[in-house]
$ cat coords-v4.cif   # mmCIF, C-alpha atoms and all ligand atoms
data_run
#
loop_
_atom_site.label_atom_id
_atom_site.label_comp_id
_atom_site.auth_asym_id
_atom_site.auth_seq_id
_atom_site.Cartn_x
_atom_site.Cartn_y
_atom_site.Cartn_z
CA MET P 1 6.46 -23.13 -15.28
CA PRO P 2 4.73 -22.96 -11.86
CA THR P 3 1.07 -23.91 -11.47
CA LEU P 4 -1.62 -22.63 -9.12
CA PHE P 5 -0.79 -25.51 -6.80
CA ASP P 6 2.92 -24.84 -6.39
CA PRO P 7 4.39 -23.09 -3.33
CA VAL P 8 5.40 -19.45 -3.55
CA THR P 9 7.12 -16.89 -1.34
CA ALA P 10 5.47 -13.54 -0.63
CA GLY P 11 7.91 -11.43 1.37
CA ASP P 12 8.40 -13.24 4.70
CA LEU P 13 5.47 -15.57 4.00
CA GLN P 14 6.07 -19.08 2.65
CA LEU P 15 2.82 -20.11 1.01
CA SER P 16 1.95 -23.70 0.11
CA ASN P 17 0.07 -22.75 -3.06
CA ARG P 18 -0.93 -19.69 -5.09
CA ILE P 19 -4.62 -19.71 -4.24
CA VAL P 20 -5.72 -16.92 -1.88
CA MET P 21 -8.97 -16.43 0.01
CA ALA P 22 -9.92 -12.84 -0.80
CA PRO P 23 -11.19 -10.54 1.96
CA LEU P 24 -14.95 -11.06 2.36
CA THR P 25 -17.20 -8.93 4.55
CA ARG P 26 -19.65 -11.13 6.47
CA ASN P 27 -21.16 -8.84 9.17
CA ARG P 28 -21.17 -11.46 11.91
CA SER P 29 -19.16 -9.58 14.55
CA PRO P 30 -21.53 -7.80 16.99
CA ASP P 31 -19.72 -5.06 18.96
CA ALA P 32 -16.87 -5.44 16.45
CA VAL P 33 -15.78 -8.71 18.11
CA PRO P 34 -15.33 -11.72 15.78
CA PRO P 35 -17.60 -14.55 16.96
CA ALA P 36 -16.24 -17.92 18.13
CA MET P 37 -17.51 -19.47 14.89
CA ALA P 38 -15.09 -17.24 12.93
CA ALA P 39 -12.26 -19.51 14.08
CA THR P 40 -14.08 -22.48 12.52
CA TYR P 41 -14.87 -20.55 9.33
CA TYR P 42 -11.29 -19.50 8.67
CA ALA P 43 -9.76 -22.82 9.79
CA GLN P 44 -12.09 -24.65 7.36
CA ARG P 45 -10.44 -22.64 4.56
CA ALA P 46 -6.83 -22.99 5.78
CA SER P 47 -5.69 -25.02 2.76
CA ALA P 48 -5.56 -21.77 0.79
CA GLY P 49 -1.99 -20.59 0.29
CA LEU P 50 -3.06 -17.44 2.13
CA LEU P 51 -6.21 -16.32 3.92
CA ILE P 52 -6.99 -12.62 3.97
CA THR P 53 -9.56 -11.77 6.62
CA GLU P 54 -12.64 -9.73 6.03
CA ALA P 55 -11.99 -5.98 6.21
CA THR P 56 -11.34 -5.08 9.87
CA ALA P 57 -11.72 -1.59 11.30
CA ILE P 58 -8.58 -0.01 12.76
CA SER P 59 -10.71 2.30 14.92
CA HIS P 60 -14.33 3.02 15.77
CA GLN P 61 -14.12 5.99 13.36
CA GLY P 62 -12.97 3.55 10.65
CA GLN P 63 -16.13 1.46 10.91
CA GLY P 64 -18.84 1.84 8.27
CA TYR P 65 -21.11 -1.18 8.54
CA SER P 66 -22.95 -2.99 11.31
CA ASP P 67 -21.29 -6.01 12.86
CA VAL P 68 -17.93 -5.80 11.10
CA PRO P 69 -14.90 -6.71 13.21
CA GLY P 70 -12.29 -4.38 14.68
CA LEU P 71 -8.67 -4.55 15.77
CA TYR P 72 -8.59 -1.81 18.37
CA GLY P 73 -10.02 -3.43 21.53
CA THR P 74 -8.74 -6.15 23.82
CA GLU P 75 -11.75 -8.39 23.28
CA GLN P 76 -11.41 -7.99 19.51
CA LEU P 77 -7.72 -8.93 19.61
CA ASP P 78 -8.37 -11.89 21.93
CA SER P 79 -11.01 -13.19 19.58
CA TRP P 80 -8.76 -12.76 16.53
CA LYS P 81 -6.07 -14.66 18.45
CA ARG P 82 -8.40 -17.66 18.59
CA VAL P 83 -8.87 -17.35 14.83
CA THR P 84 -5.14 -17.25 14.06
CA GLU P 85 -4.48 -20.19 16.41
CA ALA P 86 -7.16 -22.27 14.69
CA VAL P 87 -5.74 -21.43 11.24
CA HIS P 88 -2.16 -22.15 12.33
CA ALA P 89 -3.26 -25.49 13.81
CA GLU P 90 -4.30 -26.38 10.24
CA ASN P 91 -0.95 -25.15 8.87
CA GLY P 92 -2.59 -22.14 7.22
CA LYS P 93 -1.34 -18.58 6.86
CA ILE P 94 -3.56 -15.60 7.63
CA VAL P 95 -3.24 -11.83 7.32
CA VAL P 96 -5.77 -9.29 8.52
CA GLN P 97 -7.10 -6.54 6.28
CA LEU P 98 -6.68 -3.08 7.85
CA TRP P 99 -9.72 -0.92 7.10
CA HIS P 100 -10.79 2.65 7.50
CA VAL P 101 -13.99 3.33 5.57
CA GLY P 102 -13.71 7.13 5.53
CA ARG P 103 -16.98 8.51 4.15
CA VAL P 104 -18.58 5.11 3.55
CA SER P 105 -20.29 5.11 6.92
CA HIS P 106 -23.33 6.28 8.78
CA THR P 107 -23.70 8.53 11.80
CA ALA P 108 -25.34 5.57 13.58
CA LEU P 109 -22.00 3.74 13.42
CA GLN P 110 -19.69 6.61 14.34
CA PRO P 111 -18.34 7.64 17.78
CA ASP P 112 -20.94 9.88 19.46
CA GLY P 113 -23.10 9.74 16.33
CA GLY P 114 -20.74 12.15 14.56
CA LYS P 115 -20.23 12.62 10.85
CA PRO P 116 -18.01 10.13 9.03
CA VAL P 117 -14.64 11.57 7.98
CA ALA P 118 -13.35 12.03 4.43
CA PRO P 119 -10.77 13.91 2.38
CA SER P 120 -13.51 16.36 1.37
CA ALA P 121 -17.11 16.93 2.49
CA ILE P 122 -18.61 15.07 -0.49
CA THR P 123 -21.24 12.43 0.20
CA ALA P 124 -20.58 9.08 -1.47
CA LYS P 125 -23.40 7.92 -3.71
CA THR P 126 -23.41 4.48 -2.18
CA LYS P 127 -25.07 2.39 0.51
CA THR P 128 -23.87 0.88 3.73
CA VAL P 129 -25.29 -2.01 5.71
CA LEU P 130 -27.05 -1.69 9.05
CA ILE P 131 -28.11 -4.93 10.72
CA LYS P 132 -31.51 -4.71 12.35
CA ASN P 133 -32.91 -7.71 14.22
CA GLY P 134 -30.41 -9.93 12.46
CA ALA P 135 -31.41 -8.75 8.97
CA ALA P 136 -29.16 -6.67 6.71
CA GLU P 137 -30.65 -3.37 5.57
CA PHE P 138 -28.98 -1.16 2.94
CA VAL P 139 -29.07 2.56 3.77
CA ASP P 140 -27.55 5.70 2.20
CA THR P 141 -24.20 6.79 3.64
CA SER P 142 -24.16 9.99 5.72
CA GLU P 143 -22.67 13.31 4.66
CA PRO P 144 -19.01 13.34 5.80
CA ARG P 145 -16.85 16.12 7.17
CA ALA P 146 -13.45 16.92 5.66
CA LEU P 147 -10.53 15.80 7.80
CA ASP P 148 -8.29 18.55 9.11
CA ALA P 149 -4.66 18.05 8.04
CA ALA P 150 -3.76 17.95 11.74
CA GLU P 151 -5.86 14.77 12.12
CA LEU P 152 -3.96 12.79 9.49
CA PRO P 153 -0.89 11.83 11.54
CA GLY P 154 -3.25 10.33 14.11
CA ILE P 155 -4.90 8.20 11.44
CA VAL P 156 -1.49 7.04 10.17
CA HIS P 157 -0.53 6.08 13.72
CA THR P 158 -3.81 4.25 14.18
CA TYR P 159 -3.02 2.07 11.15
CA GLN P 160 0.42 1.42 12.59
CA ALA P 161 -0.92 0.50 16.03
CA ALA P 162 -3.50 -1.82 14.52
CA ALA P 163 -0.81 -3.55 12.44
CA ARG P 164 1.42 -4.01 15.46
CA ASN P 165 -1.42 -5.37 17.57
CA ALA P 166 -2.46 -7.67 14.75
CA VAL P 167 0.95 -9.32 14.52
CA GLU P 168 2.22 -9.09 18.10
CA THR P 169 -1.01 -9.66 20.04
CA ALA P 170 -3.43 -11.42 17.72
CA GLY P 171 -0.83 -13.64 16.05
CA PHE P 172 -1.48 -12.76 12.42
CA ASP P 173 1.21 -13.65 9.88
CA GLY P 174 0.92 -10.15 8.47
CA VAL P 175 -1.47 -7.43 7.40
CA GLU P 176 -3.07 -6.17 4.21
CA ILE P 177 -3.70 -2.44 3.88
CA HIS P 178 -7.12 -1.89 2.31
CA GLY P 179 -6.37 0.79 -0.25
CA ALA P 180 -9.26 -0.18 -2.53
CA ASN P 181 -12.99 -0.01 -3.16
CA GLY P 182 -13.65 3.63 -2.39
CA TYR P 183 -12.68 3.55 1.29
CA LEU P 184 -10.56 6.19 3.04
CA LEU P 185 -7.21 5.65 1.31
CA ASP P 186 -8.83 5.25 -2.11
CA GLN P 187 -10.91 8.38 -1.40
CA PHE P 188 -7.68 10.32 -1.00
CA LEU P 189 -6.22 8.82 -4.18
CA LYS P 190 -9.05 9.77 -6.50
CA ARG P 191 -10.19 13.17 -7.69
CA GLY P 192 -13.87 12.33 -7.45
CA SER P 193 -13.63 12.26 -3.64
CA ASN P 194 -10.55 14.44 -3.02
CA GLN P 195 -10.82 18.17 -3.63
CA ARG P 196 -8.29 19.18 -1.01
CA THR P 197 -5.97 22.10 -1.61
CA ASP P 198 -3.31 21.11 0.96
CA ASP P 199 -0.42 18.62 0.69
CA TYR P 200 -2.95 15.75 0.50
CA GLY P 201 -4.90 16.92 -2.56
CA GLY P 202 -4.37 18.20 -6.06
CA SER P 203 -1.37 16.55 -7.73
CA LEU P 204 -1.23 12.77 -7.93
CA GLU P 205 1.78 12.82 -5.61
CA ASN P 206 -0.29 14.68 -3.01
CA ARG P 207 -3.31 12.40 -3.39
CA ALA P 208 -1.08 9.33 -2.91
CA ARG P 209 0.62 10.80 0.16
CA LEU P 210 -1.66 9.36 2.86
CA LEU P 211 -1.65 5.84 1.37
CA LEU P 212 2.15 5.89 1.14
CA GLU P 213 2.61 7.30 4.66
CA VAL P 214 0.35 4.58 6.02
CA THR P 215 2.17 1.86 4.09
CA ARG P 216 5.61 3.01 5.21
CA MET P 217 4.53 3.24 8.86
CA VAL P 218 2.87 -0.18 8.80
CA ALA P 219 5.91 -1.73 7.10
CA ASP P 220 8.14 -0.07 9.71
CA ALA P 221 6.12 -1.64 12.49
CA VAL P 222 5.65 -5.21 11.26
CA GLY P 223 8.15 -5.49 8.39
CA GLY P 224 7.57 -4.92 4.70
CA GLY P 225 7.69 -8.68 4.22
CA ARG P 226 4.57 -9.00 6.37
CA THR P 227 2.71 -6.16 4.67
CA GLY P 228 0.51 -6.39 1.60
CA ILE P 229 -1.66 -3.76 -0.04
CA ARG P 230 -4.90 -3.97 -2.00
CA LEU P 231 -5.69 -1.47 -4.74
CA SER P 232 -8.52 -1.09 -7.27
CA PRO P 233 -7.41 1.37 -9.94
CA VAL P 234 -10.73 1.69 -11.78
CA THR P 235 -13.44 0.20 -9.60
CA PRO P 236 -16.64 2.24 -9.40
CA ALA P 237 -17.32 0.68 -5.97
CA ASN P 238 -18.56 3.15 -3.39
CA ASP P 239 -18.60 6.00 -5.90
CA ALA P 240 -14.85 5.86 -6.56
CA HIS P 241 -13.72 7.66 -9.69
CA ASP P 242 -10.64 9.31 -11.07
CA PRO P 243 -10.23 10.76 -14.56
CA ASN P 244 -6.64 9.56 -14.99
CA PRO P 245 -5.78 6.49 -12.89
CA GLN P 246 -2.90 5.08 -14.98
CA PRO P 247 -0.16 7.57 -14.01
CA LEU P 248 -1.48 7.72 -10.43
CA PHE P 249 -1.19 3.99 -9.87
CA GLU P 250 2.12 3.68 -11.74
CA TYR P 251 3.51 6.39 -9.43
CA ILE P 252 2.24 4.41 -6.43
CA MET P 253 4.00 1.29 -7.77
CA ARG P 254 7.31 3.15 -8.03
CA GLU P 255 6.95 4.43 -4.45
CA LEU P 256 5.96 1.02 -3.06
CA ALA P 257 8.80 -0.81 -4.83
CA PRO P 258 11.54 -0.02 -2.26
CA LEU P 259 9.40 -1.09 0.73
CA ASN P 260 9.95 -4.83 0.08
CA LEU P 261 6.29 -5.60 0.58
CA ALA P 262 4.97 -9.17 0.74
CA TYR P 263 2.52 -8.57 -2.09
CA ILE P 264 0.58 -6.18 -4.27
CA HIS P 265 -3.09 -7.16 -4.60
CA ILE P 266 -4.89 -5.70 -7.60
CA ILE P 267 -8.63 -5.78 -8.22
CA GLU P 268 -9.03 -5.77 -11.99
CA GLY P 269 -12.12 -3.89 -13.19
CA ALA P 270 -15.26 -3.38 -11.11
CA THR P 271 -15.10 -5.12 -7.72
CA GLY P 272 -17.31 -8.20 -7.91
CA GLY P 273 -18.38 -7.14 -11.41
CA PRO P 274 -17.06 -6.84 -14.97
CA ARG P 275 -13.31 -7.19 -15.40
CA LEU P 276 -13.32 -4.81 -18.37
CA LEU P 277 -14.97 -1.40 -18.24
CA ASP P 278 -15.34 0.42 -21.56
CA ASP P 279 -15.43 3.83 -19.91
CA ARG P 280 -12.53 3.08 -17.52
CA PRO P 281 -9.67 1.55 -19.51
CA PHE P 282 -6.58 0.45 -17.58
CA ASP P 283 -3.31 -1.23 -18.58
CA TYR P 284 -2.57 -3.79 -15.84
CA PRO P 285 0.58 -5.24 -17.45
CA ALA P 286 1.99 -1.69 -17.53
CA LEU P 287 1.19 -1.35 -13.81
CA LYS P 288 3.12 -4.50 -13.00
CA THR P 289 5.98 -3.41 -15.24
CA ALA P 290 6.18 -0.09 -13.39
CA TYR P 291 6.51 -2.00 -10.09
CA ARG P 292 9.12 -4.49 -11.33
CA GLN P 293 11.15 -1.85 -13.19
CA ALA P 294 11.35 0.15 -9.97
CA GLY P 295 12.78 -2.95 -8.25
CA GLY P 296 9.56 -4.15 -6.58
CA LYS P 297 9.93 -7.82 -5.58
CA GLY P 298 6.63 -8.47 -3.83
CA ALA P 299 4.31 -11.21 -5.05
CA TRP P 300 1.82 -10.01 -7.67
CA MET P 301 -1.72 -10.96 -6.63
CA VAL P 302 -4.66 -10.62 -9.00
CA ASN P 303 -8.35 -10.70 -8.16
CA ASN P 304 -11.83 -10.40 -9.60
CA GLY P 305 -13.99 -12.99 -11.24
CA TYR P 306 -11.31 -15.67 -11.56
CA ASP P 307 -12.18 -19.28 -12.28
CA LYS P 308 -9.70 -22.12 -12.66
CA ALA P 309 -8.99 -21.56 -16.37
CA LEU P 310 -8.52 -17.81 -15.99
CA ALA P 311 -6.38 -18.32 -12.88
CA GLU P 312 -4.14 -20.84 -14.64
CA LYS P 313 -3.71 -18.41 -17.50
CA ALA P 314 -2.85 -15.59 -15.06
CA VAL P 315 -0.17 -17.74 -13.38
CA ALA P 316 1.20 -18.77 -16.78
CA ASP P 317 1.35 -15.06 -17.64
CA GLY P 318 3.37 -14.32 -14.48
CA ALA P 319 0.91 -13.63 -11.65
CA ASP P 320 2.23 -15.09 -8.37
CA LEU P 321 -1.10 -15.36 -6.53
CA VAL P 322 -4.79 -15.41 -7.48
CA ALA P 323 -7.44 -14.34 -4.95
CA PHE P 324 -10.89 -15.94 -5.06
CA GLY P 325 -13.79 -14.25 -3.31
CA ARG P 326 -17.30 -15.61 -3.76
CA PRO P 327 -16.08 -19.17 -4.51
CA TYR P 328 -14.44 -19.17 -1.06
CA ILE P 329 -17.69 -18.35 0.69
CA ALA P 330 -19.19 -21.64 -0.50
CA ASN P 331 -16.14 -23.89 -0.91
CA PRO P 332 -13.95 -24.35 2.14
CA ASP P 333 -11.93 -26.93 0.19
CA LEU P 334 -11.58 -24.72 -2.89
CA VAL P 335 -7.93 -25.68 -3.43
CA GLU P 336 -8.76 -29.37 -3.63
CA ARG P 337 -11.80 -28.74 -5.82
CA LEU P 338 -9.75 -26.68 -8.26
CA ARG P 339 -6.98 -29.27 -8.26
CA GLN P 340 -9.44 -32.01 -9.17
CA GLY P 341 -11.53 -29.86 -11.50
CA ALA P 342 -14.50 -30.75 -9.28
CA ALA P 343 -17.83 -28.92 -9.24
CA LEU P 344 -18.14 -25.94 -6.90
CA ASN P 345 -20.90 -25.26 -4.37
CA THR P 346 -22.96 -22.17 -5.21
CA PRO P 347 -22.83 -19.37 -2.63
CA ASP P 348 -26.14 -18.30 -1.08
CA GLU P 349 -26.36 -14.52 -1.37
CA ALA P 350 -29.07 -14.29 1.28
CA THR P 351 -26.52 -15.27 3.94
CA PHE P 352 -23.56 -13.17 2.77
CA TYR P 353 -24.06 -10.34 5.27
CA GLY P 354 -25.18 -11.02 8.83
CA GLY P 355 -26.65 -14.12 10.44
CA GLY P 356 -25.04 -17.13 12.05
CA GLU P 357 -23.58 -20.48 11.05
CA LYS P 358 -25.95 -20.89 8.09
CA GLY P 359 -24.14 -19.89 4.92
CA TYR P 360 -20.96 -19.40 6.96
CA THR P 361 -19.54 -22.59 8.45
CA ASP P 362 -21.99 -25.12 6.96
CA TYR P 363 -20.85 -25.39 3.32
CA PRO P 364 -19.82 -29.00 2.66
CA VAL P 365 -16.41 -30.24 1.62
CA MET P 366 -16.15 -32.97 -1.02
CA ALA P 367 -16.85 -36.54 0.06
C1 LIG P 401 -19.08 -5.82 0.71
C2 LIG P 401 -19.88 -5.30 1.70
C3 LIG P 401 -19.34 -4.44 2.63
C4 LIG P 401 -18.00 -4.12 2.56
C5 LIG P 401 -15.08 -4.04 0.21
C6 LIG P 401 -15.02 -4.22 2.59
O1 LIG P 401 -15.76 -3.95 -0.82
C7 LIG P 401 -15.74 -4.30 1.50
C8 LIG P 401 -17.20 -4.65 1.55
C9 LIG P 401 -17.75 -5.50 0.64
O2 LIG P 401 -13.86 -3.90 0.18
#
$ encode --input "coords-v4.cif" --output "structure tokens"
Amino acid sequence: MPTLFDPVTAGDLQLSNRIVMAPLTRNRSPDAVPPAMAATYYAQRASAGLLITEATAISHQGQGYSDVPGLYGTEQLDSWKRVTEAVHAENGKIVVQLWHVGRVSHTALQPDGGKPVAPSAITAKTKTVLIKNGAAEFVDTSEPRALDAAELPGIVHTYQAAARNAVETAGFDGVEIHGANGYLLDQFLKRGSNQRTDDYGGSLENRARLLLEVTRMVADAVGGGRTGIRLSPVTPANDAHDPNPQPLFEYIMRELAPLNLAYIHIIEGATGGPRLLDDRPFDYPALKTAYRQAGGKGAWMVNNGYDKALAEKAVADGADLVAFGRPYIANPDLVERLRQGAALNTPDEATFYGGGEKGYTDYPVMA
């Protein structure tokens, strides 16, 4: 029976243990360029079996928060290259999370101050973060405009180009498609945000179309074995809701199965919140069964509120990887701390979003 500390293969990625640093937005990338200290931050955490970067915009249109990084400019890619080199020097593995926020944005962040784009012109009841004078300020998202069907191939190609640049230019070991948390791809999946009447709305097959097109194109470009995907079937994050997620996500599993992806990353429950939601039941074992029965061989990654005991139980129950979010903000040596059953540093919420080295690269490792 494997433990959390045993190696595992995820597609083309040979991982030294089953502990993953979850993607964590930190808002420290002015002009969408990761700062030099990002190389230190990620390298400090390189003992994780896999590092997943903070969500990274595939285009200016895909950006929804101040000071989040991008993957579409030369300076951005050069800076990410320094991050991947620093992680590889510590024998770590790192994938970048490909992000398009869709409607979770603000005109102040969009090209030419335009409206954010979405499946339908429905404003998300959620906030975004604008950084003003170094301080994070939460503001309502702007009303979006509905994407024309003719714009969708361009968005698919933008994901593909970002994936290719990530691997070929920036030196990432792979990419994770952000299909979760109420951002563009999740907006298409769920009825609460998708009222389209074309091939991308209505039936569950239609609502899943964009996510699957993106995943196939990304896998074509960098290899399925270097592609992961993150999904959150029932999260209420960013006003995401669907009345019937179980058949939708089981259909997605059956479509993803033949792509030979590196991993499937599932957020269980409300992102960063309760793992069980009375009003949003979901059968996760059935989801995994749907994937395996369709021949899916990718690693099964679980996330949300895990501690050591819950993670050990998940691995004993057949999960291949467990992603830790908040604990990784404060514990660069999380693997060693979990191995020893040592106490964990407490993350400082005041320095989660925006700022400098404080609360970023200055958390201590064990003596
Ligand atoms: C926290 C703050 C801003 C963005 C997500 C990318 O929830 C995020 C995010 C999290 O996936």
$ closest_residue --input "coords-v4.cif" --among "P:Ala163, P:Ala180, P:Ala32, P:Leu15" --to "Gly49 (chain P)" --atoms "all atoms listed in the file"
P:Leu15
$ residues_near_ligand --input "coords-v4.cif" --ligand "ligand LIG 401 (chain P)" --cutoff "6 Å" --atoms "only C-alpha atoms and all ligand atoms" --output "PyMOL selection string"
chain P and resi 25+55+181
$ atom_distance --input "coords-v4.cif" --atom1 "CA of Ser120 (chain P)" --atom2 "CA of Phe188 (chain P)"
8.7 Å
$ closest_residue --input "coords-v4.cif" --among "P:Trp99, P:Tyr251, P:Phe352, P:Phe324" --to "Asn304 (chain P)" --atoms "all atoms listed in the file"
P:Phe324
$ closest_residue --input "coords-v4.cif" --among "P:Tyr363, P:Leu321, P:Ser29, P:Glu168" --to "Asn17 (chain P)" --atoms "only C-alpha atoms"
P:Leu321
$ atom_distance --input "coords-v4.cif" --atom1 "CA of Pro116 (chain P)" --atom2 "CA of Pro144 (chain P)"
4.7 Å
$ residues_around --input "coords-v4.cif" --residues "Glu336 (chain P)" --least-positions-apart "2" --cutoff "12 Å" --atoms "only C-alpha atoms" --output "VMD selection string"
chain P and resid 4 to 5 17 19 45 to 49 308 328 331 to 334 338 to 344 365 to 367
$ write_last_selection --input "coords-v4.cif" --atoms "C-alpha atoms" --output "PDB file, keeping the file's coordinate frame"
ATOM      1  CA  LEU P   4      -1.620 -22.630  -9.120  1.00  0.00           C
ATOM      2  CA  PHE P   5      -0.790 -25.510  -6.800  1.00  0.00           C
ATOM      3  CA  ASN P  17       0.070 -22.750  -3.060  1.00  0.00           C
ATOM      4  CA  ILE P  19      -4.620 -19.710  -4.240  1.00  0.00           C
ATOM      5  CA  ARG P  45     -10.440 -22.640   4.560  1.00  0.00           C
ATOM      6  CA  ALA P  46      -6.830 -22.990   5.780  1.00  0.00           C
ATOM      7  CA  SER P  47      -5.690 -25.020   2.760  1.00  0.00           C
ATOM      8  CA  ALA P  48      -5.560 -21.770   0.790  1.00  0.00           C
ATOM      9  CA  GLY P  49      -1.990 -20.590   0.290  1.00  0.00           C
ATOM     10  CA  LYS P 308      -9.700 -22.120 -12.660  1.00  0.00           C
ATOM     11  CA  TYR P 328     -14.440 -19.170  -1.060  1.00  0.00           C
ATOM     12  CA  ASN P 331     -16.140 -23.890  -0.910  1.00  0.00           C
ATOM     13  CA  PRO P 332     -13.950 -24.350   2.140  1.00  0.00           C
ATOM     14  CA  ASP P 333     -11.930 -26.930   0.190  1.00  0.00           C
ATOM     15  CA  LEU P 334     -11.580 -24.720  -2.890  1.00  0.00           C
ATOM     16  CA  LEU P 338      -9.750 -26.680  -8.260  1.00  0.00           C
ATOM     17  CA  ARG P 339      -6.980 -29.270  -8.260  1.00  0.00           C
ATOM     18  CA  GLN P 340      -9.440 -32.010  -9.170  1.00  0.00           C
ATOM     19  CA  GLY P 341     -11.530 -29.860 -11.500  1.00  0.00           C
ATOM     20  CA  ALA P 342     -14.500 -30.750  -9.280  1.00  0.00           C
ATOM     21  CA  ALA P 343     -17.830 -28.920  -9.240  1.00  0.00           C
ATOM     22  CA  LEU P 344     -18.140 -25.940  -6.900  1.00  0.00           C
ATOM     23  CA  VAL P 365     -16.410 -30.240   1.620  1.00  0.00           C
ATOM     24  CA  MET P 366     -16.150 -32.970  -1.020  1.00  0.00           C
ATOM     25  CA  ALA P 367     -16.850 -36.540   0.060  1.00  0.00           C
TER      26      ALA P 367
END
$ closest_residue --input "coords-v4.cif" --among "P:Gln76, P:Thr271, P:Ser59, P:Asn91" --to "Ile155 (chain P)" --atoms "only C-alpha atoms"
P:Ser59
$ atom_distance --input "coords-v4.cif" --atom1 "CA of Ala219 (chain P)" --atom2 "CA of Ile264 (chain P)"
13.3 Å
$ closest_residue --input "coords-v4.cif" --among "P:Thr289, P:Asn133, P:Thr9, P:Thr3" --to "Leu261 (chain P)" --atoms "all atoms listed in the file"
P:Thr9
$ closest_residue --input "coords-v4.cif" --among "P:Ala330, P:Ile58, P:Leu51, P:Leu189" --to "Gly73 (chain P)" --atoms "all atoms listed in the file"
P:Ile58
$ axis_aligned_box --input "coords-v4.cif" --around "region 72-90 of chain P" --padding-each-side "5 Å" --output "lines of an AutoDock Vina configuration file"
center_x = -7.0
center_y = -14.1
center_z = 17.0
size_x = 19.6
size_y = 34.6
size_z = 23.6
$ residues_around --input "coords-v4.cif" --residues "Leu231 (chain P)" --least-positions-apart "2" --cutoff "7 Å" --atoms "only C-alpha atoms" --output "ChimeraX atom specification"
/P:179-180,229,233,265-267
$ residues_near_point --input "coords-v4.cif" --point "(-15.2, 1.0, -2.7)" --cutoff "7 Å" --atoms "all atoms listed in the file" --output "PyMOL selection string"
chain P and resi 180-183+236-240
$ decode --input "coords-v4.cif" --residues "region 262-273 of chain P" --atoms "N, CA, C and O atoms" --output "compact mmCIF listing (two decimals), in the first residue's frame"
# COMPACT_ATOMS: atom_id res chain seq x y z
N ALA P 262 -1.98 13.63 -17.72
CA ALA P 262 -1.13 13.36 -16.55
C ALA P 262 -1.97 13.17 -15.31
O ALA P 262 -1.71 12.27 -14.50
N TYR P 263 -2.96 14.05 -15.12
CA TYR P 263 -3.77 13.93 -13.90
C TYR P 263 -5.09 14.67 -14.03
O TYR P 263 -5.25 15.56 -14.85
N ILE P 264 -6.01 14.23 -13.16
CA ILE P 264 -7.30 14.89 -12.96
C ILE P 264 -7.29 15.43 -11.54
O ILE P 264 -7.08 14.67 -10.59
N HIS P 265 -7.52 16.73 -11.40
CA HIS P 265 -7.41 17.41 -10.11
C HIS P 265 -8.81 17.89 -9.69
O HIS P 265 -9.38 18.75 -10.36
N ILE P 266 -9.32 17.31 -8.63
CA ILE P 266 -10.70 17.58 -8.23
C ILE P 266 -10.75 18.34 -6.91
O ILE P 266 -10.21 17.89 -5.89
N ILE P 267 -11.41 19.49 -6.93
CA ILE P 267 -11.70 20.23 -5.69
C ILE P 267 -13.00 19.67 -5.13
O ILE P 267 -14.05 19.75 -5.78
N GLU P 268 -12.91 19.11 -3.94
CA GLU P 268 -14.10 18.50 -3.33
C GLU P 268 -14.81 19.54 -2.46
O GLU P 268 -14.23 20.07 -1.51
N GLY P 269 -16.06 19.83 -2.78
CA GLY P 269 -16.84 20.79 -2.00
C GLY P 269 -16.58 22.22 -2.42
O GLY P 269 -16.29 22.51 -3.58
N ALA P 270 -16.67 23.12 -1.44
CA ALA P 270 -16.52 24.56 -1.69
C ALA P 270 -15.05 24.93 -1.60
O ALA P 270 -14.42 24.69 -0.57
N THR P 271 -14.50 25.51 -2.65
CA THR P 271 -13.07 25.84 -2.69
C THR P 271 -12.66 26.63 -1.45
O THR P 271 -13.20 27.70 -1.17
N GLY P 272 -11.71 26.08 -0.71
CA GLY P 272 -11.22 26.75 0.50
C GLY P 272 -12.25 26.76 1.63
O GLY P 272 -12.05 27.44 2.63
N GLY P 273 -13.32 25.98 1.47
CA GLY P 273 -14.39 25.97 2.48
C GLY P 273 -14.83 24.55 2.78
O GLY P 273 -14.03 23.61 2.65
